[in-house]
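Encoded as structure tokens, the structure appears first; notes follow it.
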Amino acid sequence: MSLAPQSISTSMISSSSSAFLSPSNLNFNSRRQNAWVQAKRISVCKCVAAPQEEKIAYKTKVSRNGNLGKLQAGYLFPEIARRKAAHMLKYPDAEVISLGIGDTTEPIPEVITSALAKRSYALSTQEGYSGYGAEQGEKPLRAAIASTFYKDLGIEEGDIFVSDGAKCDISRLQIVFGSNVTMAVQDPSYPAYVDSSVIMGQTGEFQKDAEKYGKIEYMRCTAENGFFPDLSTVARTDIIFFCSPNNPTGAAATREQLTRLVQFAKDNGSIIVYDSAYALYISDDNPRSIFEIPGAKEVIPELIIYLFCCSCTRLMFFLLSFVAIETSSFSKYAGFTGVRLGWTVIPKELLFSDGFPVAKDFNRIVCTCFNGASNISQAGGLACLSPEGFKAVHEVIGFYKENTDIIVETFNSLGFKVYGGKNAPYVWVQFPGRSSWDVFSEILKKTHVVTTPGSGFGPGGEGFIRVSAFGHRGNVLEACKRFKHLYK
Amino acid sequence: MVQPSLTVRKEGVGRCTKVHRNFNLEKLRNGYLFTEIARRELQHLEKYPNAKVISLGIGDTTQPIPDNISMSMANYARALATAEGYRGYGAEQGNKELRKAIAETHYKDVLVKESEVFVSDGSQCDIARLLLVLGSNVTVAAQDPSFPAYIDSSVIVGQAGDLEDEVGKYCNIEYLECGPGNNFFPDLKGTSRTDIIFFCSPNNPTGHAATQNQLEQLVEFARNNGSIIIFDSAYAAYVTDGCPRSIYEIPGAREVAIEISSFSKFSGFTGVRLGWTVVPEELLFSSGFPVINDFNRIICTCFNGASNIAQAGGLACLSSEGLEAVHSVVDYYKENTKILIDTLASLGIKVYGGINAPYVWAHFPGRKSWDVFAEILEKTHITTVPGSGFGPGGEEYIRISGFGHRESILEASRRLEALF
């Protein structure tokens, strides 16, 4: 059976064997154009500094940032990439299939790429050239995001901040919050929340026995609690990171669960940072946005009168969810993992304890520490949200969801306890009593399939493997065949 | 739009969370400088809807990107719709070929390795990421005047201490005064040690390019103090008179300096978003830990790489055809700047800069720069930038940028001649 081109090329890390790596790297002529398209991305985070040899090396007198010293290892996904690369070096003929890093594989629909190309061309014309854009994003795109995802939810164009992706936004939000806030995360969760918190200085040291950082509230999400934390056991924190549909477990919180979460946040005066990057993968009628959740039942009489006096629809939602920020991304919707585009929603009504609007501080960070998402990417984003583009985006999502079904069915048929996969492109497979890094290694060694060990997402991930459903159909089918062979 | 919540807060029925505002952000007194300039320009447009406002304020490029570069980006974008051409996540450090091209084009004679080049979405973003790496416990020096992002980001990260209102300076920042009196290079003998020294050359806003000798003094100063220089070379392409274009032209700089740069003013990529940072492997913290390792960790955790389309464009800029094309656009802006220098000089106004940078630094002795800014805007409908926006050392100066269509520059010159 022949594998799709992608896996063959990425298995050939050694440049000598690859016809795709252009020999013309040093040649700055027009061939470079072809060279670029054919050259393969090396998906390895290069080990950048060899250990210093014993010599009198000049050292500055600048102390290293203690927060970075707290980080235990490299970021999870470069580590996965490193292990994959090491494996490919060891088995140069193996056809490695990547179901590890959640990297999209299917081409971007043409209606969208032609918008990207059109904007690129336009930049070489007088009428079409644009320099600095608004740091918050181009108005039509902000408006399209608001109307596509937040229609009738009381969110307006002015609440939307376009970015170069959710991962970057998470760090910018952390910069806004500063080092003196406490935070809670789901356990397991997307590693950027915890890692950025450590970097910002919000946490204590790593506690090896518990495998947790001090001062972070880890909200256990397990099969037993339906992957929703028991809030009665969760201490108050300033910030609560919540991802739904969840990376890595695939669990989508129900309306009822999110209502409890919002109430919890209200009672504690906390801010929820809600990551909805996978919302379009939802198959059932679970909420796609935190802003679908109505606020506290308690109503202030004077406020009701005030509301009736104003015809602005926005005010009708005043009582609703002004405890949340929402962050999302075009990465897993439109295959924009390399193009880089996302957004964050901060309602103007969201206030710090002194009444200062959070959106104002975020805006200041966006204007000072950022300079807007690429204008070309934004043109692509707008095309994604056109009727034709949005339809095409849904088709690609549908493709990945079919992949997910195949993987779910495979592990089910092998007798594994399988979670997720219904509302997200991730399958969360349980390997009770086993170390997830051991299972990861075993699967890699014996089937040449890269997955992600659950403990990389937090101690609550131990005993699980995350299998991502991004891949060419042929590769997904082949991987499942290999799983069946290994675990029959 | 903020009205409802303000009204509600006034009436005492507002609902705040219990999350304290980051007190570092409270220390920022005003909005970011260029946001404020944009706001004032808009206000002016509302007041005079028929005025033809000429923007020589924010240093925003205006000339189209050369064809071969935009075509590379268009082709790359179109290829994303094909199985062979589709790319997902790129390496966070940047595309290998682009890193190599940057090393070979910009650092040809100075031994910067491809692995030390980190491609980014621009210098403003890199400055913040560098400060995240360094953390809140380092001390910072910056030129006065200087690009506001250095000090603002430093305040945000918690390095700057409180603002002393009377002098307009943050108490933990060392301000390196640069003016005509000291040939726009600080008197280092009188300068206290800080961990980090921001140094921009050619300089925004003064336009001064530090000489080889001056930079040797700076590197020596850093070495003696065990400090790290963050050298901003975003305007290196504008150097005319042989001043160094990279800090690494100075011997010993590899062990004390990080260099940041950008395609913005070099290739008109202000909206496309592309830049880079060089962190030499020899640059070590006091413990011996390589700075590059920590920078890499931040890049992998707080960033996800520059847009692949922008990187394709960057690579095209660095082809021989691309370099030729972007240099003619740079020359165009340099000619603009010359026109402005000549105009102001002919009016008897003392001007600095403009030779190695697309900025003219005009002196208005005894006058407050925001007043001069307002007067110029009101009477000639030209936006400039008041020098004090770049630090107290900028008071009495106006920065005029050389970015614009030739006709706008000529028209602006005519209006300035009429006013002064």
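For the structure tokens, the naming scheme is as follows: chains receive sequential letters (A, B, ...) according to their order of presentation, residues are indexed from 1 within each chain, and ligands are indexed from 1 in presentation order.
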
query = Just asking: which residues within segment 59-303 of chain B are helix (DSSP H, G or I) according to DSSP, as a ChimeraX atom specification?
reply = /B:67-79,96-106,114-116,123-134,148-157,180-182,188-190,212-225,236-238,247-249,253-255,264-267,291-302

So that I have them on file, write out the residues from the current selection with C-alpha atoms, as an mmCIF file, in the first residue's frame.
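Once written, selection_32.cif looks like this:
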```
data_model
loop_
_atom_site.group_PDB
_atom_site.id
_atom_site.type_symbol
_atom_site.label_atom_id
_atom_site.label_comp_id
_atom_site.auth_asym_id
_atom_site.auth_seq_id
_atom_site.Cartn_x
_atom_site.Cartn_y
_atom_site.Cartn_z
ATOM 1 C CA ASP B 67 6.531 42.691 -7.728
ATOM 2 C CA ASN B 68 8.854 39.740 -7.436
ATOM 3 C CA ILE B 69 8.429 39.702 -3.667
ATOM 4 C CA SER B 70 4.654 39.947 -3.613
ATOM 5 C CA MET B 71 4.524 37.345 -6.353
ATOM 6 C CA SER B 72 6.535 34.949 -4.210
ATOM 7 C CA MET B 73 4.058 35.408 -1.430
ATOM 8 C CA ALA B 74 1.101 34.954 -3.780
ATOM 9 C CA ASN B 75 2.621 31.799 -5.221
ATOM 10 C CA TYR B 76 3.337 30.425 -1.791
ATOM 11 C CA ALA B 77 -0.240 31.175 -0.728
ATOM 12 C CA ARG B 78 -1.669 29.472 -3.779
ATOM 13 C CA ALA B 79 0.506 26.441 -3.180
ATOM 14 C CA LYS B 96 15.598 27.143 7.727
ATOM 15 C CA GLU B 97 16.261 28.701 4.337
ATOM 16 C CA LEU B 98 15.178 32.100 5.522
ATOM 17 C CA ARG B 99 17.346 31.912 8.616
ATOM 18 C CA LYS B 100 20.259 30.948 6.431
ATOM 19 C CA ALA B 101 19.536 33.739 3.946
ATOM 20 C CA ILE B 102 19.416 36.297 6.756
ATOM 21 C CA ALA B 103 22.701 35.040 8.161
ATOM 22 C CA GLU B 104 24.351 35.097 4.759
ATOM 23 C CA THR B 105 22.952 38.401 3.524
ATOM 24 C CA HIS B 106 23.006 40.586 6.608
ATOM 25 C CA GLU B 114 21.860 30.344 10.906
ATOM 26 C CA SER B 115 21.062 28.652 14.203
ATOM 27 C CA GLU B 116 21.448 31.975 16.000
ATOM 28 C CA SER B 123 10.844 43.842 16.361
ATOM 29 C CA GLN B 124 8.116 45.254 18.572
ATOM 30 C CA CYS B 125 7.056 41.700 19.374
ATOM 31 C CA ASP B 126 10.651 40.525 19.818
ATOM 32 C CA ILE B 127 11.372 43.296 22.320
ATOM 33 C CA ALA B 128 8.541 42.057 24.524
ATOM 34 C CA ARG B 129 9.678 38.444 24.162
ATOM 35 C CA LEU B 130 13.254 39.362 25.062
ATOM 36 C CA LEU B 131 12.060 41.113 28.197
ATOM 37 C CA LEU B 132 9.967 38.064 29.086
ATOM 38 C CA VAL B 133 13.129 35.993 28.850
ATOM 39 C CA LEU B 134 15.034 38.431 31.047
ATOM 40 C CA PRO B 148 9.017 53.945 23.125
ATOM 41 C CA ALA B 149 8.552 50.169 23.068
ATOM 42 C CA TYR B 150 11.810 49.590 24.999
ATOM 43 C CA ILE B 151 10.741 51.559 28.027
ATOM 44 C CA ASP B 152 7.033 50.760 27.823
ATOM 45 C CA SER B 153 7.710 47.019 27.622
ATOM 46 C CA SER B 154 10.182 47.343 30.465
ATOM 47 C CA VAL B 155 7.477 48.982 32.580
ATOM 48 C CA ILE B 156 5.008 46.259 31.638
ATOM 49 C CA VAL B 157 7.397 43.491 32.645
ATOM 50 C CA PRO B 180 23.780 67.366 19.721
ATOM 51 C CA GLY B 181 25.922 68.251 22.725
ATOM 52 C CA ASN B 182 27.372 64.761 22.951
ATOM 53 C CA LEU B 188 29.386 56.294 29.267
ATOM 54 C CA LYS B 189 31.784 57.384 32.019
ATOM 55 C CA GLY B 190 28.872 59.001 33.784
ATOM 56 C CA GLN B 212 32.630 52.311 14.745
ATOM 57 C CA ASN B 213 34.452 54.080 17.519
ATOM 58 C CA GLN B 214 31.299 54.822 19.462
ATOM 59 C CA LEU B 215 30.106 51.240 19.216
ATOM 60 C CA GLU B 216 33.507 49.967 20.322
ATOM 61 C CA GLN B 217 33.127 52.105 23.421
ATOM 62 C CA LEU B 218 29.658 50.684 23.971
ATOM 63 C CA VAL B 219 30.801 47.086 23.642
ATOM 64 C CA GLU B 220 33.711 47.726 25.985
ATOM 65 C CA PHE B 221 31.375 49.361 28.483
ATOM 66 C CA ALA B 222 29.074 46.331 28.304
ATOM 67 C CA ARG B 223 31.964 43.892 28.704
ATOM 68 C CA ASN B 224 33.367 45.752 31.687
ATOM 69 C CA ASN B 225 29.968 45.777 33.339
ATOM 70 C CA ALA B 236 20.590 49.435 8.957
ATOM 71 C CA ALA B 237 19.617 49.565 5.276
ATOM 72 C CA TYR B 238 19.507 53.371 5.491
ATOM 73 C CA ILE B 247 26.781 45.333 16.326
ATOM 74 C CA TYR B 248 28.655 42.194 15.384
ATOM 75 C CA GLU B 249 31.025 44.289 13.297
ATOM 76 C CA ALA B 253 30.129 41.881 20.572
ATOM 77 C CA ARG B 254 29.091 38.260 20.260
ATOM 78 C CA GLU B 255 29.570 37.745 23.952
ATOM 79 C CA SER B 264 9.300 46.562 8.032
ATOM 80 C CA LYS B 265 11.320 49.595 6.961
ATOM 81 C CA PHE B 266 13.591 47.539 4.778
ATOM 82 C CA SER B 267 10.950 45.906 2.557
ATOM 83 C CA VAL B 291 20.703 33.052 26.760
ATOM 84 C CA ILE B 292 19.820 31.404 23.440
ATOM 85 C CA ASN B 293 18.342 28.407 25.266
ATOM 86 C CA ASP B 294 15.935 30.561 27.224
ATOM 87 C CA PHE B 295 15.021 32.639 24.173
ATOM 88 C CA ASN B 296 14.276 29.447 22.311
ATOM 89 C CA ARG B 297 12.053 28.277 25.141
ATOM 90 C CA ILE B 298 10.053 31.503 25.019
ATOM 91 C CA ILE B 299 9.735 31.252 21.232
ATOM 92 C CA CYS B 300 8.402 27.706 21.526
ATOM 93 C CA THR B 301 5.971 28.490 24.334
ATOM 94 C CA CYS B 302 4.739 32.047 23.796
#
```

request  = Find the residues around Gly288 of chain B up to 10 Å (only C-alpha atoms counted), leave out those fewer than 2 positions away in its own chain, and share them as a list of chain:residue names.
outcome  = A:Gln52, A:Ala57, A:Tyr58, A:Lys59, A:Thr60, A:Lys61, A:Val62, A:Ser63, A:Arg64, B:Glu282, B:Leu283, B:Leu284, B:Phe285, B:Ser286, B:Pro290, B:Val291

task = Find the residues around Ser369 of chain B up to 12 Å (only C-alpha atoms counted), leave out those fewer than 2 positions away in its own chain, and share them as a ChimeraX atom specification.
result = /B:361-367,371-376,384-399

Residue neighbourhood Ile228 of chain B, 8 Å, only C-alpha atoms, exclusion window fewer than 2 positions, as a PyMOL selection string = (chain A and resi 60+62) or (chain B and resi 195-197+222+226+230+256-258)

Atom CA of Gly313 of chain B to atom CA of Cys168 of chain A, straight-line distance in Å = 22.0 Å

key: Who sits within 8 Å of segment 36-42 of chain B, only C-alpha atoms, same chain under 6 positions skipped, as a PyMOL selection string   = chain B and resi 57-58+383+385

Would you mind exporting N, CA, C and O atoms of the selected residues as an mmCIF file, in the first residue's frame?
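Output contents, as saved in selection-v4.cif:
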```cif
data_model
loop_
_atom_site.group_PDB
_atom_site.id
_atom_site.type_symbol
_atom_site.label_atom_id
_atom_site.label_comp_id
_atom_site.auth_asym_id
_atom_site.auth_seq_id
_atom_site.Cartn_x
_atom_site.Cartn_y
_atom_site.Cartn_z
ATOM 1 N N GLY B 57 4.094 61.349 10.545
ATOM 2 C CA GLY B 57 4.206 61.027 11.958
ATOM 3 C C GLY B 57 4.699 59.603 12.147
ATOM 4 O O GLY B 57 5.886 59.311 12.144
ATOM 5 N N ILE B 58 3.712 58.699 12.296
ATOM 6 C CA ILE B 58 4.040 57.274 12.450
ATOM 7 C C ILE B 58 4.888 56.855 11.251
ATOM 8 O O ILE B 58 4.577 57.187 10.123
ATOM 9 N N THR B 383 0.973 65.680 10.066
ATOM 10 C CA THR B 383 1.214 64.985 11.337
ATOM 11 C C THR B 383 2.699 64.702 11.458
ATOM 12 O O THR B 383 3.320 64.206 10.514
ATOM 13 N N VAL B 385 5.755 63.798 14.901
ATOM 14 C CA VAL B 385 5.736 63.193 16.238
ATOM 15 C C VAL B 385 6.502 64.086 17.193
ATOM 16 O O VAL B 385 7.649 64.462 16.903
#
```

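Take atom CA of Thr327 of chain A and atom CA of Tyr32 of chain B: the distance between them is 23.8 Å.
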
I'd like the neighbourhood of Val185 of chain A as a PDB file with N, CA and C atoms, in the first residue's frame, where a residue qualifies if any of its atoms comes within 9 Å (using only C-alpha atoms), though same-chain residues fewer than 4 positions away should be ignored.
```pdb
ATOM      1  N   SER A 189      -4.278  19.547  30.543  1.00  0.00           N
ATOM      2  CA  SER A 189      -4.619  20.695  29.699  1.00  0.00           C
ATOM      3  C   SER A 189      -3.483  21.023  28.729  1.00  0.00           C
ATOM      4  N   TYR A 193      -0.796  26.968  28.912  1.00  0.00           N
ATOM      5  CA  TYR A 193      -1.372  27.725  30.029  1.00  0.00           C
ATOM      6  C   TYR A 193      -0.411  27.664  31.226  1.00  0.00           C
ATOM      7  N   VAL A 194      -0.038  26.438  31.593  1.00  0.00           N
ATOM      8  CA  VAL A 194       0.852  26.273  32.752  1.00  0.00           C
ATOM      9  C   VAL A 194       2.226  26.880  32.478  1.00  0.00           C
ATOM     10  N   ILE A 216      -0.432  26.705  41.508  1.00  0.00           N
ATOM     11  CA  ILE A 216      -1.444  26.518  40.458  1.00  0.00           C
ATOM     12  C   ILE A 216      -2.508  25.572  40.995  1.00  0.00           C
ATOM     13  N   GLU A 217      -3.737  25.900  40.743  1.00  0.00           N
ATOM     14  CA  GLU A 217      -4.836  25.018  41.125  1.00  0.00           C
ATOM     15  C   GLU A 217      -5.106  24.096  39.939  1.00  0.00           C
ATOM     16  N   TYR A 218      -4.835  22.820  40.124  1.00  0.00           N
ATOM     17  CA  TYR A 218      -5.062  21.863  39.037  1.00  0.00           C
ATOM     18  C   TYR A 218      -6.445  21.252  39.215  1.00  0.00           C
ATOM     19  N   MET A 219      -7.316  21.462  38.236  1.00  0.00           N
ATOM     20  CA  MET A 219      -8.694  20.953  38.334  1.00  0.00           C
ATOM     21  C   MET A 219      -8.743  19.615  37.600  1.00  0.00           C
ATOM     22  N   ARG A 220      -8.751  18.547  38.375  1.00  0.00           N
ATOM     23  CA  ARG A 220      -8.710  17.202  37.804  1.00  0.00           C
ATOM     24  C   ARG A 220      -9.917  16.931  36.901  1.00  0.00           C
ATOM     25  N   ILE A 239      -7.671  33.613  37.963  1.00  0.00           N
ATOM     26  CA  ILE A 239      -7.885  33.256  36.564  1.00  0.00           C
ATOM     27  C   ILE A 239      -8.183  31.759  36.462  1.00  0.00           C
ATOM     28  N   ILE A 240      -9.123  31.417  35.610  1.00  0.00           N
ATOM     29  CA  ILE A 240      -9.420  29.993  35.365  1.00  0.00           C
ATOM     30  C   ILE A 240      -9.292  29.747  33.866  1.00  0.00           C
ATOM     31  N   PHE A 241      -8.298  28.939  33.482  1.00  0.00           N
ATOM     32  CA  PHE A 241      -8.192  28.552  32.069  1.00  0.00           C
ATOM     33  C   PHE A 241      -9.107  27.364  31.834  1.00  0.00           C
ATOM     34  N   PHE A 242      -9.944  27.477  30.828  1.00  0.00           N
ATOM     35  CA  PHE A 242     -10.852  26.361  30.535  1.00  0.00           C
ATOM     36  C   PHE A 242     -10.949  26.176  29.028  1.00  0.00           C
ATOM     37  N   CYS A 243     -10.641  24.973  28.571  1.00  0.00           N
ATOM     38  CA  CYS A 243     -10.634  24.699  27.135  1.00  0.00           C
ATOM     39  C   CYS A 243     -11.758  23.703  26.805  1.00  0.00           C
TER      40      CYS A 243
END
```

key: Test item: residues at most 12 Å from segment 401-403 of chain A, only C-alpha atoms, excluding those fewer than 6 positions along its chain, as an MDAnalysis selection string   = chainID A and resid 99 105:106 250 278 280:283 332:333 394:395 409:410 420:427 467:480

Export, as an mmCIF file, in the first residue's frame, the selected residues with N, CA and C atoms.
```cif
data_model
loop_
_atom_site.group_PDB
_atom_site.id
_atom_site.type_symbol
_atom_site.label_atom_id
_atom_site.label_comp_id
_atom_site.auth_asym_id
_atom_site.auth_seq_id
_atom_site.Cartn_x
_atom_site.Cartn_y
_atom_site.Cartn_z
ATOM 1 N N LEU A 99 0.751 11.268 14.372
ATOM 2 C CA LEU A 99 -0.564 11.576 14.975
ATOM 3 C C LEU A 99 -0.290 12.169 16.362
ATOM 4 N N THR A 105 -3.051 18.923 8.011
ATOM 5 C CA THR A 105 -2.357 18.343 6.852
ATOM 6 C C THR A 105 -3.056 18.607 5.524
ATOM 7 N N GLU A 106 -4.351 18.932 5.589
ATOM 8 C CA GLU A 106 -5.081 19.056 4.326
ATOM 9 C C GLU A 106 -4.942 20.468 3.765
ATOM 10 N N GLY A 250 -10.601 15.881 24.542
ATOM 11 C CA GLY A 250 -11.685 15.886 23.563
ATOM 12 C C GLY A 250 -13.054 16.139 24.165
ATOM 13 N N TYR A 278 -11.436 24.645 19.273
ATOM 14 C CA TYR A 278 -11.994 23.467 18.578
ATOM 15 C C TYR A 278 -13.512 23.498 18.486
ATOM 16 N N LEU A 280 -15.720 24.392 16.408
ATOM 17 C CA LEU A 280 -16.416 23.940 15.196
ATOM 18 C C LEU A 280 -16.386 22.425 15.023
ATOM 19 N N TYR A 281 -15.662 21.730 15.921
ATOM 20 C CA TYR A 281 -15.636 20.271 15.849
ATOM 21 C C TYR A 281 -16.789 19.639 16.636
ATOM 22 N N ILE A 282 -17.551 20.500 17.305
ATOM 23 C CA ILE A 282 -18.634 19.949 18.130
ATOM 24 C C ILE A 282 -19.688 19.306 17.249
ATOM 25 N N SER A 283 -20.072 18.080 17.616
ATOM 26 C CA SER A 283 -21.085 17.342 16.857
ATOM 27 C C SER A 283 -22.465 17.468 17.467
ATOM 28 N N LYS A 332 -7.002 25.254 13.464
ATOM 29 C CA LYS A 332 -7.612 23.938 13.271
ATOM 30 C C LYS A 332 -8.903 24.013 12.466
ATOM 31 N N TYR A 333 -9.338 25.221 12.130
ATOM 32 C CA TYR A 333 -10.525 25.367 11.291
ATOM 33 C C TYR A 333 -10.130 25.428 9.826
ATOM 34 N N HIS A 394 -15.847 23.990 6.661
ATOM 35 C CA HIS A 394 -16.589 22.909 7.307
ATOM 36 C C HIS A 394 -16.322 21.569 6.658
ATOM 37 N N GLU A 395 -16.061 21.588 5.346
ATOM 38 C CA GLU A 395 -15.751 20.326 4.666
ATOM 39 C C GLU A 395 -14.429 19.748 5.151
ATOM 40 N N GLU A 409 -13.042 4.169 16.444
ATOM 41 C CA GLU A 409 -13.560 2.827 16.161
ATOM 42 C C GLU A 409 -12.464 1.785 16.327
ATOM 43 N N THR A 410 -11.261 2.146 15.869
ATOM 44 C CA THR A 410 -10.139 1.214 15.967
ATOM 45 C C THR A 410 -9.855 0.864 17.422
ATOM 46 N N GLY A 420 -13.265 11.240 24.236
ATOM 47 C CA GLY A 420 -13.094 12.303 23.252
ATOM 48 C C GLY A 420 -13.487 11.845 21.865
ATOM 49 N N GLY A 421 -12.964 12.512 20.856
ATOM 50 C CA GLY A 421 -13.176 12.097 19.483
ATOM 51 C C GLY A 421 -14.507 12.496 18.879
ATOM 52 N N LYS A 422 -15.471 12.849 19.732
ATOM 53 C CA LYS A 422 -16.798 13.158 19.192
ATOM 54 C C LYS A 422 -16.899 14.646 18.875
ATOM 55 N N ASN A 423 -16.328 15.438 19.744
ATOM 56 C CA ASN A 423 -16.433 16.890 19.604
ATOM 57 C C ASN A 423 -15.089 17.568 19.388
ATOM 58 N N ALA A 424 -14.081 16.762 19.092
ATOM 59 C CA ALA A 424 -12.738 17.317 18.932
ATOM 60 C C ALA A 424 -11.909 16.350 18.087
ATOM 61 N N PRO A 425 -10.834 16.846 17.451
ATOM 62 C CA PRO A 425 -10.013 15.968 16.616
ATOM 63 C C PRO A 425 -8.961 15.213 17.414
ATOM 64 N N TYR A 426 -9.274 14.921 18.657
ATOM 65 C CA TYR A 426 -8.331 14.193 19.497
ATOM 66 C C TYR A 426 -9.036 13.012 20.137
ATOM 67 N N VAL A 427 -8.305 11.887 20.207
ATOM 68 C CA VAL A 427 -8.827 10.685 20.839
ATOM 69 C C VAL A 427 -7.981 10.416 22.073
ATOM 70 N N VAL A 467 -4.222 10.699 20.706
ATOM 71 C CA VAL A 467 -3.989 10.416 19.290
ATOM 72 C C VAL A 467 -4.702 11.503 18.498
ATOM 73 N N SER A 468 -3.939 12.214 17.693
ATOM 74 C CA SER A 468 -4.559 13.313 16.948
ATOM 75 C C SER A 468 -5.050 12.805 15.600
ATOM 76 N N ALA A 469 -6.127 13.397 15.122
ATOM 77 C CA ALA A 469 -6.759 12.903 13.899
ATOM 78 C C ALA A 469 -6.398 13.720 12.677
ATOM 79 N N PHE A 470 -5.389 14.582 12.790
ATOM 80 C CA PHE A 470 -4.973 15.346 11.620
ATOM 81 C C PHE A 470 -4.026 14.491 10.812
ATOM 82 N N GLY A 471 -4.377 14.272 9.548
ATOM 83 C CA GLY A 471 -3.508 13.465 8.708
ATOM 84 C C GLY A 471 -4.220 13.127 7.420
ATOM 85 N N HIS A 472 -3.451 12.708 6.440
ATOM 86 C CA HIS A 472 -4.075 12.235 5.206
ATOM 87 C C HIS A 472 -4.814 10.939 5.523
ATOM 88 N N ARG A 473 -5.920 10.709 4.871
ATOM 89 C CA ARG A 473 -6.743 9.533 5.138
ATOM 90 C C ARG A 473 -5.932 8.257 5.051
ATOM 91 N N GLY A 474 -5.097 8.171 4.053
ATOM 92 C CA GLY A 474 -4.272 6.972 3.883
ATOM 93 C C GLY A 474 -3.403 6.704 5.097
ATOM 94 N N ASN A 475 -2.820 7.779 5.633
ATOM 95 C CA ASN A 475 -1.959 7.626 6.808
ATOM 96 C C ASN A 475 -2.750 7.208 8.034
ATOM 97 N N VAL A 476 -3.930 7.789 8.187
ATOM 98 C CA VAL A 476 -4.755 7.450 9.346
ATOM 99 C C VAL A 476 -5.168 5.974 9.269
ATOM 100 N N LEU A 477 -5.556 5.546 8.077
ATOM 101 C CA LEU A 477 -5.955 4.135 7.911
ATOM 102 C C LEU A 477 -4.783 3.202 8.175
ATOM 103 N N GLU A 478 -3.624 3.580 7.658
ATOM 104 C CA GLU A 478 -2.440 2.749 7.860
ATOM 105 C C GLU A 478 -2.060 2.693 9.334
ATOM 106 N N ALA A 479 -2.150 3.853 10.006
ATOM 107 C CA ALA A 479 -1.820 3.885 11.433
ATOM 108 C C ALA A 479 -2.754 2.957 12.206
ATOM 109 N N CYS A 480 -4.032 3.015 11.865
ATOM 110 C CA CYS A 480 -4.998 2.176 12.569
ATOM 111 C C CYS A 480 -4.736 0.692 12.322
#
```

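Picture a line from atom CA of Asn50 of chain B to atom CA of Arg414 of chain B; it runs 18.4 Å.
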
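Compared by their closest atoms to chain B, and using only C-alpha atoms, the residues A:Val439, A:Ala235, A:Ile376, A:Ile155 rank with A:Ile376 nearest.
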
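Remark: for chain A, the closest of the candidate residues B:Val278, B:Cys200, B:Val53, B:Ile309 is B:Ile309 (distances computed over only C-alpha atoms).
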
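Comparing A:Tyr91, A:Phe206, A:Phe228, A:Phe352 by their smallest distance to chain B, the closest is A:Phe352 (using only C-alpha atoms).
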